[in-house]
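Participant: My structure is stored as protein-v2.txt, with compact mmCIF, C-alpha atoms.
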```
# COMPACT_ATOMS: atom_id res chain seq x y z
CA MET A 73 -6.83 -18.03 10.33
CA LYS A 74 -3.57 -18.02 12.24
CA TYR A 75 -1.76 -15.55 9.98
CA THR A 76 -4.62 -13.46 8.67
CA GLY A 77 -4.76 -10.75 11.34
CA LYS A 78 -8.49 -11.34 11.57
CA ALA A 79 -10.41 -13.14 14.26
CA PRO A 80 -12.22 -16.34 13.23
CA ALA A 81 -15.99 -15.97 12.88
CA LYS A 82 -17.72 -16.55 16.20
CA ASN A 83 -21.14 -17.50 14.94
CA TYR A 84 -23.35 -18.13 11.95
CA ASP A 85 -24.47 -14.48 11.72
CA GLU A 86 -20.88 -13.33 11.29
CA ILE A 87 -20.44 -15.79 8.46
CA LEU A 88 -23.66 -14.66 6.76
CA LYS A 89 -22.53 -11.05 7.08
CA TYR A 90 -19.18 -11.96 5.51
CA ILE A 91 -20.97 -13.56 2.55
CA GLN A 92 -23.25 -10.53 2.17
CA ASP A 93 -20.29 -8.15 2.31
CA GLN A 94 -18.51 -10.21 -0.34
CA ARG A 95 -21.60 -10.17 -2.59
CA ALA A 96 -21.94 -6.40 -2.17
CA GLY A 97 -18.24 -5.88 -2.85
CA GLN A 98 -18.36 -7.96 -5.98
CA ALA A 99 -21.48 -6.24 -7.25
CA ARG A 100 -19.66 -2.90 -6.99
CA LYS A 101 -16.55 -4.48 -8.57
CA LYS A 102 -14.52 -3.65 -5.45
CA SER A 103 -13.34 -7.23 -4.95
CA ILE A 104 -13.78 -10.67 -6.38
CA LEU A 105 -13.62 -13.97 -4.59
CA TRP A 106 -13.57 -17.55 -5.82
CA ALA A 107 -14.33 -20.75 -3.97
CA ILE A 108 -11.82 -23.56 -4.38
CA THR A 109 -13.18 -27.09 -4.77
CA LEU A 110 -11.78 -30.41 -5.92
CA LYS A 111 -12.95 -31.36 -9.45
CA GLY A 112 -16.45 -32.76 -9.36
CA ASP A 113 -16.83 -32.14 -5.63
CA PRO A 114 -19.04 -29.24 -4.56
CA GLN A 115 -17.50 -28.87 -1.11
CA VAL A 116 -15.61 -25.61 -0.66
CA ILE A 117 -12.07 -26.31 0.56
CA GLY A 118 -10.68 -22.81 0.32
CA LEU A 119 -11.03 -19.28 -0.97
CA ILE A 120 -8.93 -17.06 -3.18
CA GLY A 121 -9.49 -13.70 -4.77
CA TYR A 122 -8.75 -10.02 -5.03
CA ARG A 123 -9.68 -8.43 -1.71
CA GLN A 124 -9.41 -4.90 -3.02
CA PHE A 125 -8.17 -2.90 -5.97
CA THR A 126 -6.44 0.42 -6.39
CA LYS A 127 -8.17 0.92 -9.70
CA GLU A 128 -6.45 4.15 -10.71
CA HIS A 129 -3.12 2.30 -10.56
CA PHE A 130 -4.36 -1.00 -12.02
CA ARG A 131 -3.30 -2.87 -8.90
CA GLY A 132 -5.04 -5.60 -6.97
CA GLU A 133 -4.41 -7.31 -3.67
CA VAL A 134 -4.66 -11.10 -3.73
CA GLY A 135 -5.65 -13.09 -0.67
CA TYR A 136 -6.20 -16.82 -0.14
CA GLY A 137 -6.72 -19.58 2.38
CA LEU A 138 -7.20 -23.37 2.41
CA TYR A 139 -8.65 -25.69 5.01
CA PRO A 140 -5.83 -27.46 6.88
CA GLY A 141 -6.73 -30.89 5.51
CA HIS A 142 -5.97 -29.73 1.99
CA GLN A 143 -2.84 -27.68 2.54
CA HIS A 144 0.59 -28.56 1.12
CA ASN A 145 -0.85 -30.47 -1.84
CA GLY A 146 -0.16 -27.96 -4.60
CA ILE A 147 -3.79 -26.87 -4.70
CA MET A 148 -3.14 -23.25 -3.86
CA GLN A 149 -0.34 -23.10 -6.45
CA GLU A 150 -2.85 -24.12 -9.09
CA ALA A 151 -5.49 -21.71 -7.81
CA LEU A 152 -3.07 -18.80 -7.57
CA THR A 153 -1.79 -19.38 -11.11
CA ALA A 154 -5.36 -19.23 -12.42
CA VAL A 155 -6.22 -16.14 -10.39
CA LEU A 156 -3.09 -14.27 -11.47
CA ASP A 157 -3.81 -15.16 -15.08
CA TYR A 158 -7.33 -13.80 -14.69
CA GLY A 159 -6.06 -10.67 -12.97
CA PHE A 160 -3.49 -9.79 -15.60
CA LYS A 161 -5.31 -10.93 -18.73
CA THR A 162 -9.01 -10.43 -17.98
CA ILE A 163 -9.06 -7.61 -15.45
CA GLY A 164 -5.98 -6.02 -17.04
CA LEU A 165 -4.00 -5.42 -13.85
CA HIS A 166 -0.49 -4.01 -14.05
CA SER A 167 0.54 -5.30 -10.64
CA VAL A 168 -0.66 -7.56 -7.85
CA GLU A 169 0.31 -7.44 -4.20
CA ALA A 170 -0.09 -9.81 -1.28
CA ASN A 171 0.10 -8.89 2.38
CA VAL A 172 1.47 -11.70 4.56
CA ASP A 173 2.47 -12.39 8.12
CA LYS A 174 6.24 -12.86 8.09
CA GLU A 175 5.84 -16.12 10.03
CA ASN A 176 3.61 -17.61 7.33
CA ILE A 177 6.36 -19.56 5.60
CA ALA A 178 4.02 -21.63 3.41
CA SER A 179 2.38 -18.54 1.97
CA ILE A 180 5.71 -16.78 1.46
CA ARG A 181 7.13 -19.82 -0.35
CA LEU A 182 4.06 -19.91 -2.59
CA LEU A 183 4.46 -16.25 -3.52
CA GLU A 184 8.19 -16.59 -4.18
CA ARG A 185 7.53 -19.64 -6.33
CA ASN A 186 5.25 -17.44 -8.40
CA ASN A 187 7.88 -14.74 -8.89
CA PHE A 188 6.54 -12.29 -6.33
CA THR A 189 9.25 -10.06 -4.84
CA ARG A 190 9.27 -8.87 -1.23
CA GLU A 191 8.84 -5.12 -1.58
CA ALA A 192 8.05 -3.97 1.94
CA HIS A 193 8.32 -4.88 5.58
CA PHE A 194 6.30 -2.47 7.71
CA LYS A 195 7.06 -2.67 11.41
CA GLU A 196 4.09 -2.59 13.76
CA ASN A 197 1.74 -1.02 11.24
CA TYR A 198 -1.18 -3.34 12.08
CA TYR A 199 -3.03 -3.57 15.37
CA PHE A 200 -4.60 -6.93 16.19
CA ASN A 201 -5.51 -8.74 19.38
CA GLY A 202 -3.91 -6.16 21.62
CA ARG A 203 -0.57 -5.88 19.85
CA PHE A 204 1.00 -4.12 16.92
CA ILE A 205 2.29 -6.59 14.34
CA ASP A 206 4.39 -6.28 11.19
CA SER A 207 3.21 -6.59 7.59
CA VAL A 208 5.25 -7.93 4.74
CA ILE A 209 4.19 -7.06 1.20
CA TYR A 210 5.03 -9.09 -1.87
CA SER A 211 4.33 -7.76 -5.35
CA LEU A 212 4.26 -9.06 -8.89
CA LEU A 213 4.17 -7.04 -12.10
CA ALA A 214 2.17 -8.14 -15.13
CA PRO A 215 4.35 -10.30 -17.35
CA THR A 216 5.63 -8.68 -20.54
CA LYS A 217 4.90 -10.59 -23.75
CA THR A 218 8.49 -11.94 -23.91
CA ASP A 219 8.28 -13.33 -20.38
CA HIS A 220 4.97 -14.98 -21.14
CA ALA A 221 6.51 -16.92 -24.04
CA GLU A 222 9.40 -18.02 -21.85
CA SER A 223 7.14 -19.09 -19.03
CA GLN A 224 5.30 -21.38 -21.43
CA LEU A 225 8.55 -23.18 -22.28
CA HIS A 226 9.68 -23.53 -18.68
CA PRO A 227 6.59 -23.58 -16.51
CA LEU A 228 8.38 -24.89 -13.43
CA SER A 229 11.36 -22.56 -13.45
CA HIS A 230 11.38 -19.69 -11.04
CA THR A 231 13.52 -16.64 -10.77
CA HIS A 232 14.27 -14.16 -8.07
CA HIS A 233 13.91 -11.32 -10.54
CA ARG A 234 10.79 -9.32 -11.20
CA SER A 235 8.75 -10.90 -13.96
CA VAL A 236 9.48 -8.08 -16.41
CA ASN A 237 13.15 -9.05 -16.41
CA THR A 238 13.77 -11.25 -19.44
CA LYS A 239 16.61 -13.24 -17.89
CA THR A 240 15.62 -16.59 -16.45
CA VAL A 241 17.62 -18.85 -14.19
CA HIS A 242 17.32 -22.62 -14.56
CA MET B 124 3.16 26.43 -4.80
CA ARG B 125 0.98 23.80 -6.46
CA THR B 126 1.73 25.16 -9.92
CA ASP B 127 5.50 25.41 -9.43
CA ASP B 128 7.30 22.61 -11.24
CA ARG B 129 10.09 22.58 -8.65
CA VAL B 130 7.51 21.75 -5.99
CA MET B 131 5.21 19.44 -7.96
CA LYS B 132 7.85 17.52 -9.93
CA TYR B 133 7.65 14.41 -7.73
CA ILE B 134 4.06 14.76 -6.62
CA GLY B 135 1.60 12.77 -8.67
CA ARG B 136 -1.37 15.07 -8.24
CA PRO B 137 -3.03 17.30 -10.82
CA ARG B 138 -1.87 20.89 -11.00
CA PRO B 139 -4.53 23.48 -10.38
CA ASN B 140 -5.57 25.41 -13.47
CA SER B 141 -7.57 28.16 -11.88
CA ILE B 142 -8.51 29.89 -8.67
CA GLU B 143 -11.54 27.59 -8.55
CA ASP B 144 -9.23 24.56 -8.41
CA ILE B 145 -7.31 26.08 -5.52
CA LEU B 146 -10.51 26.98 -3.67
CA ALA B 147 -11.69 23.39 -4.17
CA PHE B 148 -8.41 22.14 -2.67
CA ILE B 149 -8.74 24.42 0.35
CA GLU B 150 -12.32 23.22 0.83
CA LYS B 151 -11.16 19.60 0.63
CA MET B 152 -8.61 20.28 3.40
CA ARG B 153 -11.21 22.08 5.51
CA LYS B 154 -13.64 19.18 5.17
CA MET B 155 -10.92 16.67 6.02
CA VAL B 156 -10.24 18.47 9.28
CA ALA B 157 -13.93 19.03 10.07
CA ASP B 158 -14.64 15.31 9.52
CA ASN B 159 -11.72 14.32 11.72
CA GLU B 160 -10.12 12.55 8.77
CA GLY B 161 -6.87 14.49 8.98
CA VAL B 162 -5.08 17.49 10.36
CA THR B 163 -3.11 20.14 8.51
CA TRP B 164 -0.89 23.05 9.41
CA ALA B 165 0.20 26.15 7.56
CA MET B 166 3.87 27.02 7.83
CA THR B 167 5.01 30.59 8.30
CA LEU B 168 8.08 32.35 9.65
CA LYS B 169 7.62 33.59 13.21
CA ASP B 170 5.37 36.64 13.30
CA ASP B 171 4.98 36.63 9.51
CA PRO B 172 1.57 35.73 8.12
CA LYS B 173 2.86 34.81 4.66
CA LEU B 174 2.32 31.14 3.84
CA MET B 175 5.58 29.26 3.20
CA GLY B 176 4.19 25.78 2.93
CA HIS B 177 1.96 23.24 4.56
CA ILE B 178 2.28 19.93 6.32
CA SER B 179 -0.40 17.48 7.32
CA PHE B 180 -1.47 14.07 8.45
CA HIS B 181 -3.77 13.69 5.47
CA ARG B 182 -4.58 10.00 5.77
CA LEU B 183 -5.39 8.46 9.10
CA ILE B 184 -5.45 4.70 9.58
CA LYS B 185 -7.29 4.91 12.85
CA GLU B 186 -7.63 1.21 13.58
CA HIS B 187 -3.84 0.86 13.50
CA ASP B 188 -2.93 4.17 15.21
CA ARG B 189 -1.07 5.14 12.06
CA ALA B 190 -1.07 8.21 9.83
CA GLU B 191 0.52 9.34 6.60
CA VAL B 192 2.39 12.64 6.67
CA GLY B 193 2.74 14.89 3.63
CA TYR B 194 4.30 18.30 3.12
CA MET B 195 5.30 20.89 0.58
CA MET B 196 7.01 24.28 0.67
CA HIS B 197 7.70 27.19 -1.64
CA PRO B 198 11.22 26.93 -3.19
CA ASP B 199 12.13 30.40 -1.88
CA PHE B 200 12.53 28.77 1.54
CA TYR B 201 14.41 25.63 0.54
CA GLY B 202 17.79 24.73 2.02
CA LYS B 203 17.36 26.31 5.46
CA GLY B 204 16.18 23.32 7.50
CA ILE B 205 12.69 24.74 7.76
CA MET B 206 10.81 21.68 6.54
CA SER B 207 12.78 19.44 8.87
CA GLU B 208 11.83 21.67 11.77
CA ALA B 209 8.18 21.59 10.78
CA LEU B 210 8.20 17.82 10.38
CA SER B 211 9.80 17.42 13.78
CA ALA B 212 7.09 19.54 15.41
CA VAL B 213 4.32 17.68 13.62
CA LEU B 214 5.72 14.28 14.59
CA HIS B 215 5.86 15.41 18.21
CA TYR B 216 2.19 16.39 17.98
CA GLY B 217 1.31 13.13 16.27
CA PHE B 218 2.99 10.90 18.83
CA ASN B 219 2.27 12.85 22.00
CA THR B 220 -1.06 14.56 21.38
CA MET B 221 -2.71 12.30 18.81
CA GLY B 222 -1.21 9.14 20.32
CA LEU B 223 -0.04 7.67 17.03
CA HIS B 224 1.97 4.46 17.11
CA SER B 225 3.52 4.97 13.69
CA VAL B 226 3.77 7.46 10.85
CA GLU B 227 4.46 6.78 7.19
CA ALA B 228 5.48 8.93 4.25
CA ILE B 229 5.17 7.98 0.59
CA ALA B 230 7.46 9.59 -1.94
CA SER B 231 9.03 9.24 -5.33
CA PRO B 232 12.40 7.46 -4.98
CA LEU B 233 13.87 10.33 -7.03
CA ASN B 234 12.80 12.99 -4.55
CA ASN B 235 16.11 13.08 -2.71
CA ALA B 236 15.49 16.36 -0.90
CA SER B 237 12.36 15.00 0.70
CA LEU B 238 13.92 11.63 1.51
CA LYS B 239 16.77 13.42 3.32
CA ILE B 240 14.26 15.30 5.45
CA LEU B 241 12.62 12.02 6.42
CA GLU B 242 15.93 10.36 7.21
CA ARG B 243 17.02 13.36 9.29
CA ASN B 244 13.90 12.80 11.37
CA GLY B 245 14.60 9.12 11.97
CA PHE B 246 12.36 7.56 9.33
CA ALA B 247 13.46 4.18 7.94
CA ARG B 248 12.85 3.05 4.37
CA GLU B 249 10.43 0.14 4.74
CA GLY B 250 9.05 -0.36 1.26
CA TYR B 251 9.91 0.11 -2.37
CA PHE B 252 7.03 -0.55 -4.75
CA LYS B 253 7.81 -0.91 -8.42
CA GLU B 254 5.35 0.64 -10.84
CA ASN B 255 2.50 0.87 -8.34
CA PHE B 256 1.55 4.40 -9.35
CA LEU B 257 0.10 5.33 -12.75
CA TRP B 258 0.68 8.97 -13.59
CA GLU B 259 0.24 10.65 -16.96
CA GLY B 260 0.48 7.36 -18.82
CA GLN B 261 3.56 6.01 -17.01
CA TYR B 262 3.90 3.58 -14.15
CA LEU B 263 6.16 5.03 -11.47
CA ASP B 264 7.83 3.54 -8.41
CA SER B 265 7.04 4.61 -4.84
CA VAL B 266 9.12 4.44 -1.73
CA VAL B 267 7.58 4.24 1.75
CA TYR B 268 9.34 5.48 4.86
CA SER B 269 8.03 4.83 8.36
CA LEU B 270 8.73 5.94 11.90
CA LEU B 271 7.56 4.30 15.13
CA ALA B 272 6.55 6.30 18.20
CA PRO B 273 9.48 6.69 20.54
CA LYS B 274 9.31 4.17 23.37
CA LYS B 275 8.02 5.49 26.66
CA ASN B 276 10.59 4.93 29.41
```
The structure in this file should be written as structure tokens.

Facilitator:
Amino acid sequence: MKYTGKAPAKNYDEILKYIQDQRAGQARKKSILWAITLKGDPQVIGLIGYRQFTKEHFRGEVGYGLYPGHQHNGIMQEALTAVLDYGFKTIGLHSVEANVDKENIASIRLLERNNFTREAHFKENYYFNGRFIDSVIYSLLAPTKTDHAESQLHPLSHTHHRSVNTKTVH
Amino acid sequence: MRTDDRVMKYIGRPRPNSIEDILAFIEKMRKMVADNEGVTWAMTLKDDPKLMGHISFHRLIKEHDRAEVGYMMHPDFYGKGIMSEALSAVLHYGFNTMGLHSVEAIASPLNNASLKILERNGFAREGYFKENFLWEGQYLDSVVYSLLAPKKN
């Protein structure tokens, strides 16, 4: 929870409330959350989803987290790819954003690897634990059909351009 | 003001079509203030009741001591530094009376006149969002400027 700007749950009731809030949010289509598990293993090792949408602008905010024992194994890369695919193709989003702590290098690297561009750095716009902290926002536009074809040929390449740019760098 | 293309060109909000639409807008502002969800000011020349424009903190982010400022003015009064003066007064109120820690303004990157007013008042460009705003069938970019409360010495 180090970089989330939210305090860890203090007790079971807080966790139950979180689950209820998530259920309510999903029922009203205000958010959608997935549990991450290893194949064939029911234990939840992380979460990923769209925390909120700005529906009138076809934009969603993605958020994710993994238990420390499972970090740095490529799991979140796989989960994020699936969630972005769902967001663009099934939900029909035009853009996705992610709000990160600028110290969260692992998360930033993951976003950059997935062609997100840093679009904002807000100074002291968030109050948490007695101090004002910064927010950094990364965004990704829905791929155009040309980009999608290219990304199938070169799934591991990454660019520093927005995804709608048809140039790729290898 | 809200039907004038020179004013509304960069503002992605529906134009009013009737007096009823305008009355609905006024009511929306009144309710915002009554519910403590925002604060708005009318702008006039000294000792002249005629409305020149308005400026407001129309979105409060209370948990982060932050607010979004928005403004518009009739073109007859453009080019005289009036909006800058109004913004300056409103920022002073926001930081000193409301106790805000930061203020943001969201604009079209093409709205140079407005961006100059923000820059003149010390705002820094902190965000540029590509195609985050759908308006009349087109995705438009937005730019976000922010200003922190002056440090208390």

Participant: Just want the 10 Å neighbourhood of B:Leu241, counted on only C-alpha atoms, with same-chain residues fewer than 4 positions away dropped. Output as a PyMOL selection string.

Facilitator: chain B and resi 206-207+210-211+227-228+235-237+245-248+268-270

Participant: Hey, list the chain B side of the contact with chain A: 6 Å cut-off, only C-alpha atoms, answer as a PyMOL selection string.

Facilitator: chain B and resi 187+249-252+256-257

Participant: Can you work out the spacing between atom CA of A:Gly77 and atom CA of A:Asn201 in Å, to one decimal?

Facilitator: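 Taking atom CA of A:Gly77 as the start and atom CA of A:Asn201 as the end point, the length is 8.3 Å.
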
Participant: Which one is closest to A:Ile177: A:Ala79, A:Gly112, A:His144, A:Lys101? Count only C-alpha atoms.

Facilitator: A:His144

Participant: Just to confirm, what's the straight-line distance from atom CA of A:Leu152 to atom CA of A:Ile120 in Å (one decimal)?

Facilitator: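 Going from atom CA of A:Leu152 over to atom CA of A:Ile120, I get 7.5 Å.
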
Participant: So, counting all atoms listed in the file, which residue among A:Val134, A:Ala99, A:Ala178, A:Ile87 is closest to A:Val155?

Facilitator: A:Val134

Participant: Please, what distance in Å, to one decimal, runs between atom CA of A:Thr153 and atom CA of A:Asn186?

Facilitator: 7.8 Å

Participant: Between B:Leu168, B:Asp127, B:Ile229, B:Ala147, which residue has the minimum interatomic distance to B:Ile205, considering only C-alpha atoms?

Facilitator: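 Comparing B:Leu168, B:Asp127, B:Ile229, B:Ala147 against B:Ile205, the winner is B:Leu168.
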
Participant: Using only C-alpha atoms, find the one residue out of A:Leu88, A:Met73, A:Ile104, A:Leu156 that sits nearest to A:Pro140.

Facilitator: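 Looking only at the distances to A:Pro140, the closest residue turns out to be A:Met73.
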
Participant: Which residues are near A:Met148? Cut-off 9 Å, all atoms listed in the file, ignore same chain within fewer than 2 positions. Put them as a list in words.

Facilitator: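 Listing them by chain and then by number gives Ile108, Gly118, Ile120, Tyr136, Gly137, Leu138, Gln143, His144, Asn145, Gly146, Glu150, Ala151, Leu152, Thr153 and Leu182 of chain A.
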
Participant: Enclose all atoms of stretch 192-211 of chain B listed in the file in an axis-aligned box, grow every side by 4 Å, and hand back centre and edge lengths in Å to one decimal, as AutoDock Vina command-line options.

Facilitator:
```
--center_x 10.1 --center_y 21.5 --center_z 5.3 --size_x 23.4 --size_y 25.8 --size_z 25.0
```

Participant: Which is closest to A:Glu133 among B:His215, B:Val267, B:Asn255, B:Pro273, if we use only C-alpha atoms?

Facilitator: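 Among B:His215, B:Val267, B:Asn255, B:Pro273, it is B:Asn255 that comes nearest to A:Glu133.
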
Participant: Could you rebuild stretch 144-172 of chain A with N, CA and C atoms and give it back as a compact mmCIF listing (two decimals), in the frame of the given file?

Facilitator:
```txt
# COMPACT_ATOMS: atom_id res chain seq x y z
N HIS A 144 -0.67 -27.91 1.52
CA HIS A 144 0.59 -28.56 1.12
C HIS A 144 0.41 -29.63 0.06
N ASN A 145 -0.63 -29.49 -0.77
CA ASN A 145 -0.85 -30.47 -1.84
C ASN A 145 -0.72 -29.86 -3.22
N GLY A 146 -0.28 -28.60 -3.30
CA GLY A 146 -0.16 -27.96 -4.60
C GLY A 146 -1.45 -27.34 -5.09
N ILE A 147 -2.49 -27.40 -4.26
CA ILE A 147 -3.79 -26.87 -4.70
C ILE A 147 -3.74 -25.37 -4.83
N MET A 148 -3.16 -24.70 -3.83
CA MET A 148 -3.14 -23.25 -3.86
C MET A 148 -2.24 -22.74 -5.00
N GLN A 149 -1.20 -23.48 -5.33
CA GLN A 149 -0.34 -23.10 -6.45
C GLN A 149 -1.18 -23.03 -7.72
N GLU A 150 -2.00 -24.06 -7.90
CA GLU A 150 -2.85 -24.12 -9.09
C GLU A 150 -3.87 -22.98 -9.09
N ALA A 151 -4.48 -22.76 -7.91
CA ALA A 151 -5.49 -21.71 -7.81
C ALA A 151 -4.87 -20.34 -8.04
N LEU A 152 -3.71 -20.12 -7.44
CA LEU A 152 -3.07 -18.80 -7.57
C LEU A 152 -2.68 -18.53 -9.01
N THR A 153 -2.15 -19.55 -9.69
CA THR A 153 -1.79 -19.38 -11.11
C THR A 153 -3.00 -18.92 -11.91
N ALA A 154 -4.14 -19.57 -11.68
CA ALA A 154 -5.36 -19.23 -12.42
C ALA A 154 -5.82 -17.81 -12.09
N VAL A 155 -5.74 -17.45 -10.81
CA VAL A 155 -6.22 -16.14 -10.39
C VAL A 155 -5.31 -15.02 -10.89
N LEU A 156 -4.02 -15.27 -10.94
CA LEU A 156 -3.09 -14.27 -11.47
C LEU A 156 -3.33 -14.08 -12.97
N ASP A 157 -3.53 -15.20 -13.66
CA ASP A 157 -3.81 -15.16 -15.08
C ASP A 157 -5.05 -14.32 -15.36
N TYR A 158 -6.09 -14.56 -14.56
CA TYR A 158 -7.33 -13.80 -14.69
C TYR A 158 -7.09 -12.32 -14.41
N GLY A 159 -6.33 -12.05 -13.37
CA GLY A 159 -6.06 -10.67 -12.97
C GLY A 159 -5.33 -9.89 -14.05
N PHE A 160 -4.29 -10.49 -14.60
CA PHE A 160 -3.49 -9.79 -15.60
C PHE A 160 -4.19 -9.74 -16.95
N LYS A 161 -4.78 -10.87 -17.36
CA LYS A 161 -5.31 -10.93 -18.73
C LYS A 161 -6.75 -10.43 -18.83
N THR A 162 -7.60 -10.79 -17.85
CA THR A 162 -9.01 -10.43 -17.98
C THR A 162 -9.30 -9.08 -17.34
N ILE A 163 -8.81 -8.89 -16.12
CA ILE A 163 -9.06 -7.61 -15.45
C ILE A 163 -8.11 -6.55 -16.01
N GLY A 164 -6.92 -6.98 -16.47
CA GLY A 164 -5.98 -6.02 -17.04
C GLY A 164 -5.13 -5.32 -16.00
N LEU A 165 -4.82 -6.03 -14.90
CA LEU A 165 -4.00 -5.42 -13.85
C LEU A 165 -2.57 -5.24 -14.31
N HIS A 166 -1.92 -4.23 -13.78
CA HIS A 166 -0.49 -4.01 -14.05
C HIS A 166 0.36 -4.63 -12.95
N SER A 167 -0.20 -4.69 -11.74
CA SER A 167 0.54 -5.30 -10.64
C SER A 167 -0.41 -5.90 -9.62
N VAL A 168 0.11 -6.89 -8.90
CA VAL A 168 -0.66 -7.56 -7.85
C VAL A 168 0.19 -7.56 -6.60
N GLU A 169 -0.44 -7.34 -5.45
CA GLU A 169 0.31 -7.44 -4.20
C GLU A 169 -0.37 -8.43 -3.26
N ALA A 170 0.44 -8.92 -2.31
CA ALA A 170 -0.09 -9.81 -1.28
C ALA A 170 0.51 -9.37 0.04
N ASN A 171 -0.31 -9.36 1.07
CA ASN A 171 0.10 -8.89 2.38
C ASN A 171 0.15 -10.11 3.30
N VAL A 172 1.35 -10.47 3.77
CA VAL A 172 1.47 -11.70 4.56
C VAL A 172 2.08 -11.44 5.92
```
